[in-house]
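The structure appears right after this line, and notes come after that.
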Amino acid sequence: MIRFLMCFRSGYAYLFALTILLAPLTLRGGNIFSDWTDDVQDTVWETGAAFGTMTALGLFSWEWGSSSSFRWQPEGWFGMDTGSGGADKLGHAYTSYMLTNILSDRLIRKDRPPARAAISAAITTQLVMLYVEMFDAYSVDHGFAWEDCVMNLAGTGFAAARTVIPGMRDLVDYRMEYEPSGYKGFRPFSDYSGQKYLMALKLGGIDALAKTPLRYLELHGGYYTRGFSKEEELQGKSPVRYGFVGVGINFGDLFFGKREKREPELKNAGRLFFEHIQLPYTALHASEKL
C-alpha cells in the first residue's frame, strides 16, 4: 500500500506540473483530453513504438526489476558528485523534446492545428516518460528522481514552444551528437561518455540572413562529460565536464531547402533527422573544462 501511494503521489504531482505547463495553450478552448484521445488513435504506431523502445531499454540497459521496493533517488544536477555530471539530465530533456516533436509533427501532417498537436504530443510524451520514471524506481541503479521529471517537462515545453511559435523551428534546434565511447558498445541513450548535447542557432531562421549564403551556417553551444562511468573509473580516468561553442552546417536547409508547408514524407523525415541528430565531425567545436 505504501509503495502504491508513493507511485500515485509521484504521478499525480507530475501530471499536475504538466497541466501547468500546458495552461497557456489550453486557453484557446476545446476539450483537451477528448482531443488527446482522438489524437492518440492517429499516432498509435508512434506511441506504441515509444513505449516498446523504452521497455526494451529499461529491461536490458536500466536494470528494471532489480529492486523489489520503490526507491526514491535524488540525483542532483550537473555537479562533479553526480552519476554522469548531468549528461543524463540533458538526456531526459532531449528524449522528451524529440518524442514531443515527432508526435506533434505527425499530428500536424494529419491536419491538427499546431496548438492542439503540441498539447496532445506533450501529454503522450509525459505519460511515456512517467512510465519510465516509475519503473526506474524499481532499479537498483536508478530510482525515482524528481530532477528527471523536471528535465522531462523542460524538454517537452521547449518542443511545444517550437511547434506553436511561428519561425522558432527554423531558428533553433536541440540536438545530440553520439560517438560510441568504446565502453558500452552502441548505446546512444545510456553511453553518456559518447554523448554531446547542443543548441544550434540556425542563421537561416533570421530574416536578414535568410537569402544570403550565411543561411547554411549555425552557431553551436553545448555540454558533455567524460570519465564518470564505472568503466572509466576502473581505468583511472578522472571525471571531467566540458562546455563548448562552435559553428556548423544546417544540413536540413542544405539538403532539402527551405521548409514547405506540405513536404513529402521522406523529405520531412530527413529534415526531422537533422533537427535532432548532430553527426560527428560535421562541425568545428572548441571545448573548455568547467
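By order of appearance in the C-alpha cells: chains A, B, ..., then residues from 1 within every chain, and ligands from 1 in the order shown.
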Compile the contact shell of Thr43 of chain A as a list of chain:residue names: residues with an atom at most 10 Å away, counting only C-alpha atoms, same-chain residues fewer than 2 positions apart removed. A:Asp38, A:Asp39, A:Val40, A:Gln41, A:Trp45, A:Glu46, A:Thr47, A:Gly48, A:Ala49, A:Ile102, A:Leu103, A:Ser104, A:Arg106, A:Leu107, A:Lys110, A:Ala121, A:Thr124
Enumerate, in order of chain and increasing residue number, the residues of segment 200-237 of chain A with an atom no farther than 8 Å from segment 248-271 of chain A, each with its shortest atom pair and distance in Å to one decimal, counting only C-alpha atoms, as CSV.
residue,atom,partner,partner_atom,distance
A:Lys202,CA,A:Asn250,CA,6.7
A:Arg215,CA,A:Asn250,CA,7.8
A:Tyr216,CA,A:Asn250,CA,5.0
A:Leu217,CA,A:Ile249,CA,4.7
A:Glu218,CA,A:Gly248,CA,5.0
A:Leu219,CA,A:Gly248,CA,6.4
A:His220,CA,A:Gly248,CA,7.0
Using N, CA and C atoms, can you export the residues from the last selection as a short mmCIF file (atom, residue, chain, number, x, y, z; two decimals), in the first residue's frame?
data_model
loop_
_atom_site.label_atom_id
_atom_site.label_comp_id
_atom_site.auth_asym_id
_atom_site.auth_seq_id
_atom_site.Cartn_x
_atom_site.Cartn_y
_atom_site.Cartn_z
N LYS A 202 20.24 28.52 -35.95
CA LYS A 202 20.32 28.43 -37.41
C LYS A 202 20.17 29.82 -38.02
N ARG A 215 22.88 31.54 -44.58
CA ARG A 215 21.71 30.76 -44.15
C ARG A 215 22.04 29.29 -43.94
N TYR A 216 23.15 28.83 -44.47
CA TYR A 216 23.54 27.44 -44.30
C TYR A 216 24.42 27.20 -43.08
N LEU A 217 24.70 28.26 -42.32
CA LEU A 217 25.55 28.12 -41.15
C LEU A 217 24.73 28.13 -39.86
N GLU A 218 25.34 27.57 -38.81
CA GLU A 218 24.72 27.52 -37.48
C GLU A 218 25.77 27.87 -36.44
N LEU A 219 25.30 28.42 -35.33
CA LEU A 219 26.15 28.64 -34.16
C LEU A 219 25.76 27.64 -33.09
N HIS A 220 26.76 26.98 -32.50
CA HIS A 220 26.50 25.91 -31.54
C HIS A 220 26.99 26.29 -30.14
#
Report the closest atom pair, with its distance in Å rounded to one decimal, for each residue of segment 142-206 of chain A that has an atom no farther than 9 Å from segment 84-98 of chain A; count only C-alpha atoms, sort by chain and then rising residue number, and write it as a Markdown table.
| residue | atom | partner | partner_atom | distance |
| --- | --- | --- | --- | --- |
| A:Glu147 | CA | A:Lys89 | CA | 7.5 |
| A:Asp148 | CA | A:Lys89 | CA | 6.1 |
| A:Cys149 | CA | A:His92 | CA | 8.2 |
| A:Val150 | CA | A:Ala93 | CA | 8.4 |
| A:Met151 | CA | A:Ala93 | CA | 4.8 |
| A:Asn152 | CA | A:Ala93 | CA | 4.9 |
| A:Leu153 | CA | A:Ala93 | CA | 7.3 |
| A:Ala154 | CA | A:Ala93 | CA | 6.1 |
| A:Gly155 | CA | A:Ala93 | CA | 4.1 |
| A:Thr156 | CA | A:Tyr97 | CA | 4.8 |
| A:Gly157 | CA | A:Tyr97 | CA | 7.7 |
| A:Phe158 | CA | A:Tyr97 | CA | 6.8 |
| A:Ala159 | CA | A:Tyr97 | CA | 5.2 |
| A:Ala160 | CA | A:Tyr97 | CA | 8.3 |
| A:Tyr174 | CA | A:Tyr94 | CA | 7.2 |
| A:Arg175 | CA | A:Tyr94 | CA | 7.3 |
| A:Met176 | CA | A:Tyr94 | CA | 7.6 |
| A:Phe189 | CA | A:Gly91 | CA | 7.2 |
| A:Ser190 | CA | A:Asp88 | CA | 7.9 |
| A:Tyr192 | CA | A:Ala87 | CA | 6.1 |
| A:Ser193 | CA | A:Ser84 | CA | 8.4 |
| A:Gln195 | CA | A:Ala87 | CA | 7.8 |
| A:Lys196 | CA | A:Ala87 | CA | 8.1 |
| A:Tyr197 | CA | A:Leu90 | CA | 7.1 |
Quick check for you: according to DSSP on this backbone, which residues of segment 30-201 of chain A are classed as helix (DSSP H, G or I)? Reply as an mmCIF file with N, CA and C atoms, in the first residue's frame.
data_model
loop_
_atom_site.group_PDB
_atom_site.id
_atom_site.type_symbol
_atom_site.label_atom_id
_atom_site.label_comp_id
_atom_site.auth_asym_id
_atom_site.auth_seq_id
_atom_site.Cartn_x
_atom_site.Cartn_y
_atom_site.Cartn_z
ATOM 1 N N ILE A 32 -9.475 19.308 -24.028
ATOM 2 C CA ILE A 32 -8.107 18.861 -24.213
ATOM 3 C C ILE A 32 -7.989 17.349 -24.196
ATOM 4 N N PHE A 33 -8.658 16.677 -23.263
ATOM 5 C CA PHE A 33 -8.494 15.238 -23.135
ATOM 6 C C PHE A 33 -9.297 14.472 -24.182
ATOM 7 N N SER A 34 -10.421 15.022 -24.612
ATOM 8 C CA SER A 34 -11.162 14.405 -25.711
ATOM 9 C C SER A 34 -10.347 14.491 -27.000
ATOM 10 N N ASP A 35 -9.761 15.665 -27.242
ATOM 11 C CA ASP A 35 -8.897 15.819 -28.409
ATOM 12 C C ASP A 35 -7.712 14.866 -28.329
ATOM 13 N N TRP A 36 -7.147 14.746 -27.139
ATOM 14 C CA TRP A 36 -5.963 13.894 -26.973
ATOM 15 C C TRP A 36 -6.281 12.432 -27.284
ATOM 16 N N THR A 37 -7.411 11.936 -26.803
ATOM 17 C CA THR A 37 -7.742 10.532 -27.068
ATOM 18 C C THR A 37 -7.921 10.286 -28.565
ATOM 19 N N ASP A 38 -8.502 11.266 -29.267
ATOM 20 C CA ASP A 38 -8.615 11.133 -30.718
ATOM 21 C C ASP A 38 -7.240 11.147 -31.380
ATOM 22 N N ASP A 39 -6.357 12.006 -30.873
ATOM 23 C CA ASP A 39 -5.028 12.137 -31.466
ATOM 24 C C ASP A 39 -4.159 10.918 -31.193
ATOM 25 N N VAL A 40 -4.358 10.288 -30.048
ATOM 26 C CA VAL A 40 -3.610 9.061 -29.750
ATOM 27 C C VAL A 40 -3.944 7.981 -30.775
ATOM 28 N N GLN A 41 -5.191 7.917 -31.173
ATOM 29 C CA GLN A 41 -5.584 6.919 -32.161
ATOM 30 C C GLN A 41 -4.881 7.141 -33.493
ATOM 31 N N ASP A 42 -4.579 8.405 -33.809
ATOM 32 C CA ASP A 42 -3.899 8.706 -35.067
ATOM 33 C C ASP A 42 -2.383 8.632 -34.951
ATOM 34 N N VAL A 44 -1.028 5.961 -32.992
ATOM 35 C CA VAL A 44 -0.927 4.745 -32.191
ATOM 36 C C VAL A 44 0.372 3.997 -32.475
ATOM 37 N N TRP A 45 0.841 4.003 -33.710
ATOM 38 C CA TRP A 45 2.069 3.291 -34.023
ATOM 39 C C TRP A 45 3.278 3.979 -33.411
ATOM 40 N N GLU A 46 3.322 5.303 -33.494
ATOM 41 C CA GLU A 46 4.428 6.053 -32.902
ATOM 42 C C GLU A 46 4.428 5.926 -31.380
ATOM 43 N N THR A 47 3.233 6.002 -30.792
ATOM 44 C CA THR A 47 3.129 5.868 -29.338
ATOM 45 C C THR A 47 3.526 4.467 -28.896
ATOM 46 N N GLY A 48 3.043 3.459 -29.607
ATOM 47 C CA GLY A 48 3.416 2.086 -29.276
ATOM 48 C C GLY A 48 4.903 1.850 -29.407
ATOM 49 N N ALA A 49 5.523 2.432 -30.444
ATOM 50 C CA ALA A 49 6.962 2.296 -30.626
ATOM 51 C C ALA A 49 7.727 2.947 -29.479
ATOM 52 N N ALA A 50 7.216 4.079 -28.997
ATOM 53 C CA ALA A 50 7.877 4.764 -27.880
ATOM 54 C C ALA A 50 7.831 3.915 -26.614
ATOM 55 N N PHE A 51 6.647 3.390 -26.283
ATOM 56 C CA PHE A 51 6.542 2.542 -25.090
ATOM 57 C C PHE A 51 7.372 1.271 -25.254
ATOM 58 N N GLY A 52 7.352 0.678 -26.439
ATOM 59 C CA GLY A 52 8.122 -0.538 -26.662
ATOM 60 C C GLY A 52 9.618 -0.310 -26.550
ATOM 61 N N THR A 53 10.102 0.791 -27.129
ATOM 62 C CA THR A 53 11.529 1.108 -27.055
ATOM 63 C C THR A 53 11.967 1.348 -25.623
ATOM 64 N N MET A 54 11.162 2.108 -24.891
ATOM 65 C CA MET A 54 11.519 2.401 -23.505
ATOM 66 C C MET A 54 11.504 1.133 -22.650
ATOM 67 N N THR A 55 10.567 0.252 -22.913
ATOM 68 C CA THR A 55 10.503 -1.001 -22.162
ATOM 69 C C THR A 55 11.745 -1.848 -22.431
ATOM 70 N N ALA A 56 12.146 -1.937 -23.690
ATOM 71 C CA ALA A 56 13.339 -2.707 -24.030
ATOM 72 C C ALA A 56 14.587 -2.113 -23.386
ATOM 73 N N LEU A 57 14.711 -0.792 -23.438
ATOM 74 C CA LEU A 57 15.861 -0.144 -22.803
ATOM 75 C C LEU A 57 15.847 -0.361 -21.294
ATOM 76 N N GLY A 58 14.661 -0.260 -20.703
ATOM 77 C CA GLY A 58 14.556 -0.441 -19.262
ATOM 78 C C GLY A 58 14.970 -1.828 -18.808
ATOM 79 N N LEU A 59 14.549 -2.831 -19.549
ATOM 80 C CA LEU A 59 14.843 -4.213 -19.160
ATOM 81 C C LEU A 59 16.291 -4.594 -19.425
ATOM 82 N N PHE A 60 16.876 -4.090 -20.518
ATOM 83 C CA PHE A 60 18.199 -4.548 -20.916
ATOM 84 C C PHE A 60 19.330 -3.570 -20.601
ATOM 85 N N ALA A 87 24.867 14.699 -17.665
ATOM 86 C CA ALA A 87 24.588 14.242 -19.030
ATOM 87 C C ALA A 87 23.258 13.497 -19.086
ATOM 88 N N ASP A 88 22.952 12.737 -18.045
ATOM 89 C CA ASP A 88 21.674 12.011 -18.025
ATOM 90 C C ASP A 88 20.495 12.966 -17.957
ATOM 91 N N LYS A 89 20.665 14.115 -17.292
ATOM 92 C CA LYS A 89 19.577 15.090 -17.211
ATOM 93 C C LYS A 89 19.306 15.709 -18.583
ATOM 94 N N LEU A 90 20.371 16.029 -19.305
ATOM 95 C CA LEU A 90 20.183 16.539 -20.656
ATOM 96 C C LEU A 90 19.580 15.465 -21.545
ATOM 97 N N GLY A 91 19.889 14.201 -21.252
ATOM 98 C CA GLY A 91 19.298 13.104 -21.994
ATOM 99 C C GLY A 91 17.800 13.005 -21.779
ATOM 100 N N HIS A 92 17.351 13.214 -20.555
ATOM 101 C CA HIS A 92 15.908 13.212 -20.285
ATOM 102 C C HIS A 92 15.221 14.342 -21.042
ATOM 103 N N ALA A 93 15.812 15.535 -20.999
ATOM 104 C CA ALA A 93 15.227 16.660 -21.730
ATOM 105 C C ALA A 93 15.196 16.384 -23.221
ATOM 106 N N TYR A 94 16.271 15.800 -23.733
ATOM 107 C CA TYR A 94 16.361 15.522 -25.166
ATOM 108 C C TYR A 94 15.337 14.481 -25.601
ATOM 109 N N THR A 95 15.206 13.399 -24.848
ATOM 110 C CA THR A 95 14.251 12.363 -25.212
ATOM 111 C C THR A 95 12.828 12.908 -25.220
ATOM 112 N N SER A 96 12.479 13.704 -24.212
ATOM 113 C CA SER A 96 11.144 14.306 -24.150
ATOM 114 C C SER A 96 10.934 15.276 -25.306
ATOM 115 N N TYR A 97 11.949 16.060 -25.576
ATOM 116 C CA TYR A 97 11.901 17.025 -26.683
ATOM 117 C C TYR A 97 11.717 16.308 -28.018
ATOM 118 N N MET A 98 12.504 15.288 -28.267
ATOM 119 C CA MET A 98 12.449 14.568 -29.530
ATOM 120 C C MET A 98 11.094 13.893 -29.730
ATOM 121 N N LEU A 99 10.603 13.189 -28.702
ATOM 122 C CA LEU A 99 9.333 12.482 -28.835
ATOM 123 C C LEU A 99 8.177 13.456 -29.024
ATOM 124 N N THR A 100 8.188 14.567 -28.300
ATOM 125 C CA THR A 100 7.141 15.580 -28.472
ATOM 126 C C THR A 100 7.153 16.125 -29.887
ATOM 127 N N ASN A 101 8.340 16.387 -30.415
ATOM 128 C CA ASN A 101 8.443 16.902 -31.786
ATOM 129 C C ASN A 101 7.921 15.900 -32.809
ATOM 130 N N ILE A 102 8.298 14.645 -32.646
ATOM 131 C CA ILE A 102 7.876 13.622 -33.613
ATOM 132 C C ILE A 102 6.357 13.470 -33.612
ATOM 133 N N LEU A 103 5.776 13.408 -32.421
ATOM 134 C CA LEU A 103 4.326 13.234 -32.326
ATOM 135 C C LEU A 103 3.574 14.463 -32.831
ATOM 136 N N SER A 104 4.029 15.651 -32.457
ATOM 137 C CA SER A 104 3.337 16.859 -32.909
ATOM 138 C C SER A 104 3.474 17.032 -34.422
ATOM 139 N N ASP A 105 4.646 16.691 -34.973
ATOM 140 C CA ASP A 105 4.833 16.769 -36.423
ATOM 141 C C ASP A 105 3.870 15.828 -37.139
ATOM 142 N N ARG A 106 3.727 14.608 -36.608
ATOM 143 C CA ARG A 106 2.818 13.643 -37.211
ATOM 144 C C ARG A 106 1.377 14.143 -37.177
ATOM 145 N N LEU A 107 0.982 14.762 -36.053
ATOM 146 C CA LEU A 107 -0.392 15.254 -35.927
ATOM 147 C C LEU A 107 -0.648 16.443 -36.838
ATOM 148 N N ILE A 108 0.330 17.315 -36.975
ATOM 149 C CA ILE A 108 0.168 18.451 -37.884
ATOM 150 C C ILE A 108 0.013 17.960 -39.317
ATOM 151 N N ARG A 109 0.748 16.914 -39.671
ATOM 152 C CA ARG A 109 0.623 16.344 -41.010
ATOM 153 C C ARG A 109 -0.734 15.665 -41.200
ATOM 154 N N PRO A 114 -1.503 23.517 -34.836
ATOM 155 C CA PRO A 114 -0.265 23.384 -34.057
ATOM 156 C C PRO A 114 -0.470 23.328 -32.553
ATOM 157 N N ALA A 115 -1.364 24.165 -32.012
ATOM 158 C CA ALA A 115 -1.566 24.173 -30.561
ATOM 159 C C ALA A 115 -2.133 22.836 -30.081
ATOM 160 N N ARG A 116 -3.109 22.321 -30.784
ATOM 161 C CA ARG A 116 -3.685 21.023 -30.404
ATOM 162 C C ARG A 116 -2.633 19.919 -30.547
ATOM 163 N N ALA A 117 -1.865 19.940 -31.629
ATOM 164 C CA ALA A 117 -0.824 18.938 -31.825
ATOM 165 C C ALA A 117 0.195 18.984 -30.701
ATOM 166 N N ALA A 118 0.582 20.187 -30.298
ATOM 167 C CA ALA A 118 1.572 20.336 -29.227
ATOM 168 C C ALA A 118 1.038 19.795 -27.910
ATOM 169 N N ILE A 119 -0.224 20.076 -27.597
ATOM 170 C CA ILE A 119 -0.816 19.613 -26.343
ATOM 171 C C ILE A 119 -0.899 18.086 -26.311
ATOM 172 N N SER A 120 -1.436 17.509 -27.363
ATOM 173 C CA SER A 120 -1.588 16.053 -27.393
ATOM 174 C C SER A 120 -0.230 15.353 -27.361
ATOM 175 N N ALA A 121 0.724 15.879 -28.117
ATOM 176 C CA ALA A 121 2.069 15.295 -28.121
ATOM 177 C C ALA A 121 2.715 15.409 -26.752
ATOM 178 N N ALA A 122 2.491 16.524 -26.075
ATOM 179 C CA ALA A 122 3.070 16.721 -24.740
ATOM 180 C C ALA A 122 2.494 15.733 -23.738
ATOM 181 N N ILE A 123 1.189 15.525 -23.772
ATOM 182 C CA ILE A 123 0.566 14.596 -22.832
ATOM 183 C C ILE A 123 1.088 13.178 -23.054
ATOM 184 N N THR A 124 1.096 12.739 -24.307
ATOM 185 C CA THR A 124 1.577 11.387 -24.592
ATOM 186 C C THR A 124 3.031 11.224 -24.185
ATOM 187 N N THR A 125 3.845 12.205 -24.534
ATOM 188 C CA THR A 125 5.270 12.130 -24.194
ATOM 189 C C THR A 125 5.473 12.020 -22.696
ATOM 190 N N GLN A 126 4.766 12.827 -21.931
ATOM 191 C CA GLN A 126 4.987 12.822 -20.492
ATOM 192 C C GLN A 126 4.433 11.557 -19.838
ATOM 193 N N LEU A 127 3.428 10.957 -20.415
ATOM 194 C CA LEU A 127 2.980 9.660 -19.911
ATOM 195 C C LEU A 127 4.048 8.593 -20.173
ATOM 196 N N VAL A 128 4.677 8.652 -21.339
ATOM 197 C CA VAL A 128 5.765 7.720 -21.633
ATOM 198 C C VAL A 128 6.918 7.919 -20.644
ATOM 199 N N MET A 129 7.285 9.171 -20.404
ATOM 200 C CA MET A 129 8.414 9.450 -19.522
ATOM 201 C C MET A 129 8.081 9.156 -18.061
ATOM 202 N N LEU A 130 6.813 9.343 -17.674
ATOM 203 C CA LEU A 130 6.409 8.967 -16.325
ATOM 204 C C LEU A 130 6.466 7.454 -16.159
ATOM 205 N N TYR A 131 6.055 6.738 -17.176
ATOM 206 C CA TYR A 131 6.172 5.274 -17.203
ATOM 207 C C TYR A 131 7.628 4.858 -16.972
ATOM 208 N N VAL A 132 8.544 5.527 -17.656
ATOM 209 C CA VAL A 132 9.971 5.233 -17.483
ATOM 210 C C VAL A 132 10.405 5.493 -16.046
ATOM 211 N N GLU A 133 10.008 6.629 -15.511
ATOM 212 C CA GLU A 133 10.466 7.001 -14.172
ATOM 213 C C GLU A 133 9.903 6.071 -13.104
ATOM 214 N N MET A 134 8.659 5.642 -13.273
ATOM 215 C CA MET A 134 8.064 4.723 -12.313
ATOM 216 C C MET A 134 8.811 3.398 -12.269
ATOM 217 N N PHE A 135 9.197 2.899 -13.431
ATOM 218 C CA PHE A 135 9.932 1.638 -13.441
ATOM 219 C C PHE A 135 11.402 1.830 -13.079
ATOM 220 N N ASP A 136 11.942 3.019 -13.307
ATOM 221 C CA ASP A 136 13.286 3.327 -12.794
ATOM 222 C C ASP A 136 13.316 3.195 -11.275
ATOM 223 N N TRP A 146 13.229 13.239 -8.933
ATOM 224 C CA TRP A 146 12.400 14.371 -9.307
ATOM 225 C C TRP A 146 13.123 15.270 -10.304
ATOM 226 N N GLU A 147 14.458 15.262 -10.276
ATOM 227 C CA GLU A 147 15.210 16.062 -11.236
ATOM 228 C C GLU A 147 14.936 15.597 -12.663
ATOM 229 N N ASP A 148 14.781 14.274 -12.848
ATOM 230 C CA ASP A 148 14.454 13.747 -14.168
ATOM 231 C C ASP A 148 13.104 14.278 -14.645
ATOM 232 N N CYS A 149 12.150 14.333 -13.728
ATOM 233 C CA CYS A 149 10.817 14.825 -14.088
ATOM 234 C C CYS A 149 10.866 16.275 -14.547
ATOM 235 N N VAL A 150 11.659 17.087 -13.858
ATOM 236 C CA VAL A 150 11.806 18.494 -14.239
ATOM 237 C C VAL A 150 12.371 18.605 -15.650
ATOM 238 N N MET A 151 13.398 17.828 -15.941
ATOM 239 C CA MET A 151 14.021 17.881 -17.261
ATOM 240 C C MET A 151 13.098 17.320 -18.341
ATOM 241 N N ASN A 152 12.294 16.318 -17.993
ATOM 242 C CA ASN A 152 11.299 15.816 -18.950
ATOM 243 C C ASN A 152 10.330 16.929 -19.353
ATOM 244 N N LEU A 153 9.856 17.662 -18.365
ATOM 245 C CA LEU A 153 8.918 18.745 -18.637
ATOM 246 C C LEU A 153 9.586 19.872 -19.408
ATOM 247 N N ALA A 154 10.847 20.145 -19.099
ATOM 248 C CA ALA A 154 11.574 21.207 -19.809
ATOM 249 C C ALA A 154 11.735 20.852 -21.281
ATOM 250 N N GLY A 155 12.092 19.607 -21.568
ATOM 251 C CA GLY A 155 12.252 19.190 -22.954
ATOM 252 C C GLY A 155 10.961 19.273 -23.736
ATOM 253 N N THR A 156 9.873 18.807 -23.133
ATOM 254 C CA THR A 156 8.571 18.884 -23.789
ATOM 255 C C THR A 156 8.126 20.330 -23.948
ATOM 256 N N GLY A 157 8.373 21.170 -22.943
ATOM 257 C CA GLY A 157 7.990 22.571 -23.033
ATOM 258 C C GLY A 157 8.691 23.281 -24.184
ATOM 259 N N PHE A 158 9.980 22.993 -24.352
ATOM 260 C CA PHE A 158 10.726 23.608 -25.443
ATOM 261 C C PHE A 158 10.202 23.126 -26.794
ATOM 262 N N ALA A 159 9.912 21.840 -26.904
ATOM 263 C CA ALA A 159 9.363 21.300 -28.153
ATOM 264 C C ALA A 159 8.007 21.928 -28.471
ATOM 265 N N ALA A 160 7.170 22.083 -27.446
ATOM 266 C CA ALA A 160 5.856 22.684 -27.666
ATOM 267 C C ALA A 160 5.998 24.125 -28.142
ATOM 268 N N ALA A 161 6.957 24.849 -27.578
ATOM 269 C CA ALA A 161 7.185 26.233 -27.995
ATOM 270 C C ALA A 161 7.601 26.292 -29.461
ATOM 271 N N ARG A 162 8.469 25.347 -29.883
ATOM 272 C CA ARG A 162 8.895 25.319 -31.287
ATOM 273 C C ARG A 162 7.731 25.011 -32.221
ATOM 274 N N THR A 163 6.738 24.302 -31.700
ATOM 275 C CA THR A 163 5.596 23.931 -32.522
ATOM 276 C C THR A 163 4.630 25.091 -32.714
ATOM 277 N N VAL A 164 4.411 25.884 -31.679
ATOM 278 C CA VAL A 164 3.350 26.899 -31.733
ATOM 279 C C VAL A 164 3.853 28.306 -32.050
ATOM 280 N N TYR A 192 26.791 7.719 -21.742
ATOM 281 C CA TYR A 192 26.957 9.158 -21.540
ATOM 282 C C TYR A 192 28.334 9.652 -21.964
ATOM 283 N N SER A 193 29.328 8.806 -21.932
ATOM 284 C CA SER A 193 30.671 9.220 -22.310
ATOM 285 C C SER A 193 30.852 9.317 -23.817
ATOM 286 N N GLY A 194 29.811 8.985 -24.563
ATOM 287 C CA GLY A 194 29.857 9.161 -26.006
ATOM 288 C C GLY A 194 28.931 10.255 -26.495
#
